[in-house]
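*Asks:* Got a structure for you, written out below as structure tokens; questions coming shortly.
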Amino acid sequence: MENRRCEIFPTMLVTILLSLSILFSSTQAITDQVVSSSTSNSIVNQESKLETYIVFLKKSEGMVSAKPEDLDNWYQSFLPAVTTSSSNQQRLIHSYHHVVTGFAAKLTKQEAKAMETKEGFVSAWPQKVLNVKTTHTPNFLGLEQNLGFWNHSNYGKGVIVGVLDTGVTPNHPSFSDEGMPPPPPKWKGKCEFNGTLCNNKLIGARNFYSAGTPPIDGHGHGTHTASTAAGNPVPGASFFEQYNGTAVGIASSAHLAIYQVCSEFGSCSESDILAGMDTAVEDGVDVLSLSLGGPSVPFYEDSIAIGAFGAIQKGIFVSCAAGNSGPSNESLSNEAPWILTVGASTVDRSIRATVMLGNNAQYDGESFYQPTNFSSSLLPLFYAGSNGNESAAFCDPGSLKDVDVRGKVVLCERGGYSGLVYKGQEVKDAGGAAMIVMNDEFYGNVTTASLHVLPASHVTYADGLSIKAYINSTSSPMATILFKGTVFGVPYAPQVAMFSSRGPSLASPGILKPDILGPGVRILAAWLHPVDNRLNTTPGFNVISGTSMATPHLSGIAALLKSSHPDWSPAAIKSAIMTTANLTNLGGMPITDQFFVPVDVFGIGSGHVNPTKADDPGLVYDIQPDDYIPYLCGLGYNETVIGIIVQRPVTCSNSSSIPEAQLNYPSFSIKLGSGPQAYTRTVTNVGPLKSSYIAEIISPQGVDVKVIPSAIEFGGGSSKATYSVTFTRTANVKVPFAQGYLNWVSADHVVRSPIAVIFE
């Protein structure tokens with residue numbers, strides 16, 4: 001196998017992270033008896049659970065002038081007497097000497113209650129965490145501090161996330177180990193940084209790109225992805241005074257192990273990637289996150305697919321980027337069914353710059369440059385292309401040199417020979433006061449928040465046409481720009497990112513890819529240096545876009561699920577993520593792309609990730625590593641190349657070879673001719689022991705779908721059930737493709753599998 005190079009997958013587009021609030025659904029009861037028992041156990045667990053309490057005390061007269069060490073001794077007397085002195089020190093988190101009298105300690109509810117009888121006690125309560133989240137994506141994904149799934153999963157505590165990328169910036173506060181316990185005993189990794197740069201958060205760091213040197217990130221990509229997956233909370237994060245708040249990773253209590261396999265220029269050799277994956281498996285990681293990949297090739301020629309198979313054999317979950325070659329079809333990377341293939345979505349946040357015309361019409365655009373001193377008074381509005389000068393219409397370099405734009409708002413068209421920011425520079429150099437950039441027809445509704453050099457707004461193609469029409473309707477067109485900063489709750493989010501790679505899969509058309517969407521547009525996360533020179537003493541944060549940014553979100557979610565369900569296999573975690581995904585946006589409408597066109601399953605996969613629902617999926621489609629061997633035989637691979645993937649001898653026979661669509665995957669992708677096709681699936685109950693499900697079918701156009709049995713029940717005995725599904729063409733439809741869904745519905749769950757049918 002030749003040593004090919006892979007690419008990392010950001011679009012270096014200035015953008016940021018966001019996240020939608022979804023309420024936590026409580027786990028349903030099993031039976032009345034179990035409910036009673038579990039409720040009782042829950043109460044006991046809550047009573048005995050250690051939490052951080054803040055304890056307020058009142059000094060006696062003799063303690064008013066006490067020295068700090070005397071106060072500390074007094075505080076120790078409030079801790080439970082049954083604990084030893086050394087464990088008291090572990091329980092005591094903070095001693096307060098100046099602003100208040102008291103301390104913070106790890107206590108159970110009973111222990112805190114017992115303090116009330118001691119002289120000097122005033123009050124005690126469990127601490128609250130008060131913050132504003134800049135990486136808004138946790139909220140966008142329904143993860144709320146101290147509530148629901150995020151709290152239930154302990155924020156990924158005890159899970160190790162391995163990140164293969166360009167290295168890391170170890171002294172960034174996102175990798176502080178404040179509040180982090182030591183890594184679990186299974187950890188066997190190494191740190192190649194000098195001194196104490198590794199800690200209980202950043203537990204390992206290896207360099208495979210340049211052996212013998214520390215894995216310092218010279219690109220920024222690795223720092224960004226690692227902090228997105230599992231960065232510690234960092235208050236005061238921002239990007240050019242926008243997105244202000246606390247930056248936090250999805251699994252903020254998980255440990256990080258860094259494997260540098262890419263250069264500072266973003267190129268990644270397969271030999272380095274395999275070495276990194278091999279070492280990560282040996283080290284004992286639980287999740288592998290790879291925001292890199294290459295073009296579609298057979299799995300036996302795909303180093304990431306091979307390394308990932310070795311990982312899942314050890315129970316390690318692998319999450320990879322789908323690629324940034326969208327919106328073209330058949331443009332995917334990382335298509336193996338044992339990998340979670342992640343596409344990118346937008347989030348519900350906009351950096352609003354609203355154009356207001358002299359007729360009071362307003363058009364919302366975007367700009368990261370948000371001046372606070374730009375007047376809202378109307379200014380003359382000018383379109384330099386009105387005389388047929390195409391170069392001036394694009395505001396190309398030098399095109400406005402002899403055009404009178406001084407003090408005016410200039411309308412420029414996207415395209416020509418200059419980028420958006422350079423158009424603004426031309427307007428500024430010519431004396432213009434502000435700029436409106438209108439999209440061309442191809443980009444339509446896809447606008448960009450850029451760091452402009454003057455007041456500016458980027459508007460859609462349709463809005464640009466309206467602005468042009470207004471200019472032509474009056475002899476004195478006027479306009480201004482109203483800068484509104486960060487706006488949340490955009491109702492049409494999430495949308496499939498324009499750049500996100502689409503299916504069908506070339507390597508295996510019988511497996512529907514991508515699997516899932518996650519936030520990947522305008523994601524704020526840690527960077528190797530400050531990007532705002534005005535704030536060069538602050539930690540670096542940057543806003544970029546790509547399926548590279550979506551991938552660590554899903555890696556973090558997998559870490560949360562691993563913490564919540566340590567007995568689940570990688571395939572079970574993947575199934576839970578896929579079958580609970582959202583198909584609608586915040587406005588309750590079907591998810592579209594950034595052109596506002598409905599997307600098919602080759603763009604959206606199973607839908608947009610919903611972490612809270614994934615924690616309680618009801619049923620999962622489990623797959624053991626050996627189950628992939630008949631599938632690989634069915635791909636027509638010979639026994640030698642299959643042996644490369646599975647790392648042991650394999651014998652294919654007709655009895656052990658299956659069609660691609662027969663793999664126990666949580667979705668269906670078939671090529672359908674004139675004859676019927678039948679497949680089986682086996683679901684495993686991970687919900688209430690006693691439950692029943694009914695099949696609900698949304699048939700693809702021109703296809704009859706029959707499921708036998710149409711109802712399944714669990715109530716004791718086996719936790720598994722097998723069903724068959726038969727697809728039959730019913731009409732000669734005039735479309736090459738159709739899609740539908742097979743849902744298993746209970747009183748508490750909807751287990752959804754998308755169906756893709758390509759007609760032959």
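Labeling convention for the structure tokens: chains A, B, ... as they appear, residues from 1 per chain, ligands from 1 in order of appearance.
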Could you tell me, as a PyMOL selection string, which residues of segment 150-343 of chain A DSSP assigns to alpha helix (DSSP H) when given the backbone?
*Replies:* chain A and resi 150-152+221-230+270-283+303-313
*Asks:* Since we have the selection now, will you write its residues out, keeping C-alpha atoms, as a PDB file, in the first residue's frame?
*Replies:*
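New file part04.pdb:
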```
ATOM      1  CA  TRP A 150     -24.694  16.173  30.739  1.00  0.00           C
ATOM      2  CA  ASN A 151     -24.942  15.856  34.505  1.00  0.00           C
ATOM      3  CA  HIS A 152     -26.038  12.211  34.387  1.00  0.00           C
ATOM      4  CA  HIS A 221      -6.398  22.580  13.959  1.00  0.00           C
ATOM      5  CA  GLY A 222      -5.462  20.010  16.596  1.00  0.00           C
ATOM      6  CA  THR A 223      -5.817  22.477  19.453  1.00  0.00           C
ATOM      7  CA  HIS A 224      -9.269  23.455  18.153  1.00  0.00           C
ATOM      8  CA  THR A 225     -10.577  19.904  17.759  1.00  0.00           C
ATOM      9  CA  ALA A 226      -9.189  18.649  21.075  1.00  0.00           C
ATOM     10  CA  SER A 227     -10.746  21.496  23.042  1.00  0.00           C
ATOM     11  CA  THR A 228     -14.073  21.011  21.246  1.00  0.00           C
ATOM     12  CA  ALA A 229     -14.190  17.347  22.228  1.00  0.00           C
ATOM     13  CA  ALA A 230     -13.097  17.623  25.853  1.00  0.00           C
ATOM     14  CA  GLU A 270      -0.941   7.286   6.442  1.00  0.00           C
ATOM     15  CA  SER A 271       2.043   5.668   8.135  1.00  0.00           C
ATOM     16  CA  ASP A 272       1.875   8.291  10.876  1.00  0.00           C
ATOM     17  CA  ILE A 273      -1.881   7.895  11.187  1.00  0.00           C
ATOM     18  CA  LEU A 274      -1.626   4.134  11.598  1.00  0.00           C
ATOM     19  CA  ALA A 275       1.190   4.540  14.129  1.00  0.00           C
ATOM     20  CA  GLY A 276      -0.913   6.992  16.095  1.00  0.00           C
ATOM     21  CA  MET A 277      -3.973   4.729  16.056  1.00  0.00           C
ATOM     22  CA  ASP A 278      -1.895   1.707  16.981  1.00  0.00           C
ATOM     23  CA  THR A 279      -0.362   3.462  19.955  1.00  0.00           C
ATOM     24  CA  ALA A 280      -3.694   4.908  21.056  1.00  0.00           C
ATOM     25  CA  VAL A 281      -5.199   1.420  21.212  1.00  0.00           C
ATOM     26  CA  GLU A 282      -2.258   0.225  23.296  1.00  0.00           C
ATOM     27  CA  ASP A 283      -2.462   3.253  25.557  1.00  0.00           C
ATOM     28  CA  SER A 303      -5.410   3.273   6.609  1.00  0.00           C
ATOM     29  CA  ILE A 304      -8.031   4.946   8.756  1.00  0.00           C
ATOM     30  CA  ALA A 305     -10.562   2.164   8.071  1.00  0.00           C
ATOM     31  CA  ILE A 306      -7.948  -0.471   8.913  1.00  0.00           C
ATOM     32  CA  GLY A 307      -6.800   1.265  12.061  1.00  0.00           C
ATOM     33  CA  ALA A 308     -10.395   1.887  13.098  1.00  0.00           C
ATOM     34  CA  PHE A 309     -11.274  -1.789  12.755  1.00  0.00           C
ATOM     35  CA  GLY A 310      -8.423  -2.669  15.102  1.00  0.00           C
ATOM     36  CA  ALA A 311      -9.769  -0.073  17.507  1.00  0.00           C
ATOM     37  CA  ILE A 312     -13.362  -1.326  17.548  1.00  0.00           C
ATOM     38  CA  GLN A 313     -12.078  -4.833  18.203  1.00  0.00           C
TER      39      GLN A 313
END
```
*Asks:* List the neighbours of Ser476 of chain A out to 8 Å using only C-alpha atoms; skip same-chain residues closer than 5 positions along the sequence, and give me the result as a PyMOL selection string.
*Replies:* chain A and resi 380-381+471
*Asks:* List as a PyMOL selection string the protein and nucleic acid residues near Gly673 of chain A, meaning an atom at most 9 Å away when only C-alpha atoms are counted, but skip any in the same chain fewer than 6 places from it.
*Replies:* chain A and resi 728-729+758-760
*Asks:* Generate a file of the selected residues that holds C-alpha atoms, formatted as a short mmCIF file (atom, residue, chain, number, x, y, z; two decimals), in the first residue's frame.
*Replies:*
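Output file result.cif follows:
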```
data_model
loop_
_atom_site.label_atom_id
_atom_site.label_comp_id
_atom_site.auth_asym_id
_atom_site.auth_seq_id
_atom_site.Cartn_x
_atom_site.Cartn_y
_atom_site.Cartn_z
CA THR A 728 -40.72 -4.29 -3.65
CA ARG A 729 -40.92 -1.84 -6.51
CA ILE A 758 -31.66 3.81 -5.81
CA PHE A 759 -33.67 2.46 -8.74
CA GLU A 760 -31.95 0.25 -11.29
#
```
*Asks:* I'd like the contact shell of Tyr383 of chain A - 10 Å cut-off, only C-alpha atoms, skipping same-chain residues fewer than 5 positions apart - returned as a list in words.
*Replies:*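 In the requested form, the answer reads Ala392, Ala393, Phe394, Cys395, Val405, Lys408, Val409, Val410, Leu411, Cys412, Glu413, Ile436, Ile467, Lys468, Ile471, Asn472 and Pro477 of chain A.
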*Asks:* With N, CA, C and O atoms retained, export the selected residues as a CSV table (one decimal), in the first residue's frame.
*Replies:*
```
chain,number,residue,atom,x,y,z
A,392,ALA,N,-16.0,47.0,-11.6
A,392,ALA,CA,-16.4,47.9,-10.5
A,392,ALA,C,-17.6,47.3,-9.8
A,392,ALA,O,-17.7,47.4,-8.6
A,393,ALA,N,-18.5,46.5,-10.5
A,393,ALA,CA,-19.6,45.8,-9.8
A,393,ALA,C,-19.1,44.9,-8.8
A,393,ALA,O,-19.7,44.7,-7.7
A,394,PHE,N,-17.9,44.2,-9.1
A,394,PHE,CA,-17.3,43.3,-8.2
A,394,PHE,C,-16.4,43.9,-7.1
A,394,PHE,O,-15.9,43.3,-6.2
A,395,CYS,N,-16.2,45.2,-7.3
A,395,CYS,CA,-15.3,46.0,-6.4
A,395,CYS,C,-13.9,45.3,-6.5
A,395,CYS,O,-13.3,45.2,-5.4
A,405,VAL,N,-17.1,57.4,-4.7
A,405,VAL,CA,-17.8,56.7,-3.6
A,405,VAL,C,-17.6,57.3,-2.3
A,405,VAL,O,-18.0,56.7,-1.3
A,408,LYS,N,-20.1,57.1,0.9
A,408,LYS,CA,-21.2,56.4,0.5
A,408,LYS,C,-21.2,54.9,0.9
A,408,LYS,O,-20.1,54.4,1.3
A,409,VAL,N,-22.4,54.3,1.0
A,409,VAL,CA,-22.5,52.9,1.1
A,409,VAL,C,-22.5,52.3,-0.2
A,409,VAL,O,-23.3,52.6,-1.1
A,410,VAL,N,-21.5,51.4,-0.5
A,410,VAL,CA,-21.3,50.8,-1.8
A,410,VAL,C,-21.8,49.4,-1.9
A,410,VAL,O,-21.4,48.6,-1.0
A,411,LEU,N,-22.6,49.1,-2.9
A,411,LEU,CA,-23.1,47.7,-3.1
A,411,LEU,C,-22.1,47.0,-4.0
A,411,LEU,O,-21.8,47.5,-5.2
A,412,CYS,N,-21.5,45.9,-3.6
A,412,CYS,CA,-20.6,45.1,-4.4
A,412,CYS,C,-21.1,43.7,-4.6
A,412,CYS,O,-21.8,43.2,-3.7
A,413,GLU,N,-20.8,43.1,-5.7
A,413,GLU,CA,-21.3,41.8,-6.0
A,413,GLU,C,-20.2,40.7,-5.7
A,413,GLU,O,-19.0,41.0,-5.8
A,436,ILE,N,-22.0,46.9,1.2
A,436,ILE,CA,-22.9,45.8,1.2
A,436,ILE,C,-22.4,44.8,0.1
A,436,ILE,O,-22.2,45.2,-1.1
A,467,ILE,N,-32.2,45.1,-3.2
A,467,ILE,CA,-31.5,46.4,-3.0
A,467,ILE,C,-31.2,47.0,-4.3
A,467,ILE,O,-31.3,48.3,-4.4
A,468,LYS,N,-30.8,46.2,-5.3
A,468,LYS,CA,-30.6,46.8,-6.6
A,468,LYS,C,-31.9,47.4,-7.2
A,468,LYS,O,-31.8,48.5,-7.8
A,471,ILE,N,-32.3,50.8,-5.6
A,471,ILE,CA,-31.4,51.8,-6.2
A,471,ILE,C,-32.0,52.3,-7.5
A,471,ILE,O,-31.9,53.5,-7.8
A,472,ASN,N,-32.5,51.4,-8.3
A,472,ASN,CA,-33.0,51.8,-9.6
A,472,ASN,C,-34.4,52.5,-9.6
A,472,ASN,O,-34.9,53.1,-10.6
A,477,PRO,N,-31.0,57.1,-3.7
A,477,PRO,CA,-31.0,55.9,-2.9
A,477,PRO,C,-30.1,56.2,-1.6
A,477,PRO,O,-29.1,56.7,-1.7
```
*Asks:* Taking only C-alpha atoms into account, name the residue in A:Ala507, A:Leu290, A:Ala434, A:Ile604 that is nearest to Cys320 of chain A.
*Replies:*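 For Cys320 of chain A, the nearest of the candidates is A:Leu290.
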*Asks:* Need the shell around Arg352 of chain A: protein/DNA/RNA residues with any atom at most 6 Å away, counting only C-alpha atoms. Skip same-chain ones fewer than 5 positions apart. Format as JSON, numbers by chain?
*Replies:* {"A": [365, 366, 484, 485]}
*Asks:* Find the residues around segment 57-72 of chain A up to 6 Å (only C-alpha atoms counted), leave out those fewer than 4 positions away in its own chain, and share them as a PDB file with N, CA, C and O atoms, in the first residue's frame.
*Replies:*
```pdb
ATOM      1  N   THR A 101     -16.570  33.724  55.562  1.00  0.00           N
ATOM      2  CA  THR A 101     -16.030  32.735  56.491  1.00  0.00           C
ATOM      3  C   THR A 101     -16.688  31.405  56.178  1.00  0.00           C
ATOM      4  O   THR A 101     -17.918  31.271  56.257  1.00  0.00           O
ATOM      5  N   GLY A 102     -15.878  30.461  55.805  1.00  0.00           N
ATOM      6  CA  GLY A 102     -16.429  29.161  55.456  1.00  0.00           C
ATOM      7  C   GLY A 102     -15.505  28.405  54.533  1.00  0.00           C
ATOM      8  O   GLY A 102     -14.340  28.771  54.347  1.00  0.00           O
ATOM      9  N   GLY A 120     -21.594  27.799  65.312  1.00  0.00           N
ATOM     10  CA  GLY A 120     -20.973  28.606  64.280  1.00  0.00           C
ATOM     11  C   GLY A 120     -21.510  28.334  62.891  1.00  0.00           C
ATOM     12  O   GLY A 120     -21.250  29.100  61.960  1.00  0.00           O
ATOM     13  N   PHE A 121     -22.278  27.228  62.741  1.00  0.00           N
ATOM     14  CA  PHE A 121     -22.838  26.909  61.423  1.00  0.00           C
ATOM     15  C   PHE A 121     -23.931  27.914  61.047  1.00  0.00           C
ATOM     16  O   PHE A 121     -24.764  28.276  61.875  1.00  0.00           O
ATOM     17  N   VAL A 122     -23.901  28.357  59.778  1.00  0.00           N
ATOM     18  CA  VAL A 122     -24.924  29.267  59.283  1.00  0.00           C
ATOM     19  C   VAL A 122     -25.768  28.582  58.218  1.00  0.00           C
ATOM     20  O   VAL A 122     -26.991  28.474  58.344  1.00  0.00           O
TER      21      VAL A 122
END
```
*Asks:* Using only C-alpha atoms, which protein or nucleic acid residues come within 7 Å of segment 574-579 of chain A? Drop anything in the same chain fewer than 3 positions from it, and give the result as a VMD selection string.
*Replies:* chain A and resid 340 515 to 516 570 to 571 606 609 614 617 620 to 621 666 751 to 753
*Asks:* If you measure from atom CA of Gly148 of chain A to atom CA of Ser564 of chain A, what distance in Å do you get, rounded to one decimal?
*Replies:*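 According to the coordinates, atom CA of Gly148 of chain A and atom CA of Ser564 of chain A are separated by 11.6 Å.
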*Asks:* Between A:Ile573, A:Ala756, A:Leu689, A:Ala321, which has the minimum distance to Ser291 of chain A (counting only C-alpha atoms)?
*Replies:* A:Ala321
*Asks:* Where does DSSP see strand (DSSP E) in segment 195-308 of chain A, if you list the residues as a ChimeraX atom specification?
*Replies:* /A:202-207,234-239,242-247,255-260,267-269,287-290,292-293
*Asks:* Taking into account only C-alpha atoms, which residue in the set A:Ala559, A:Leu141, A:Ala112, A:Cys268 is nearest to Val159 of chain A?
*Replies:*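 When distances to Val159 of chain A are compared using only C-alpha atoms, the smallest one comes from A:Ala559.
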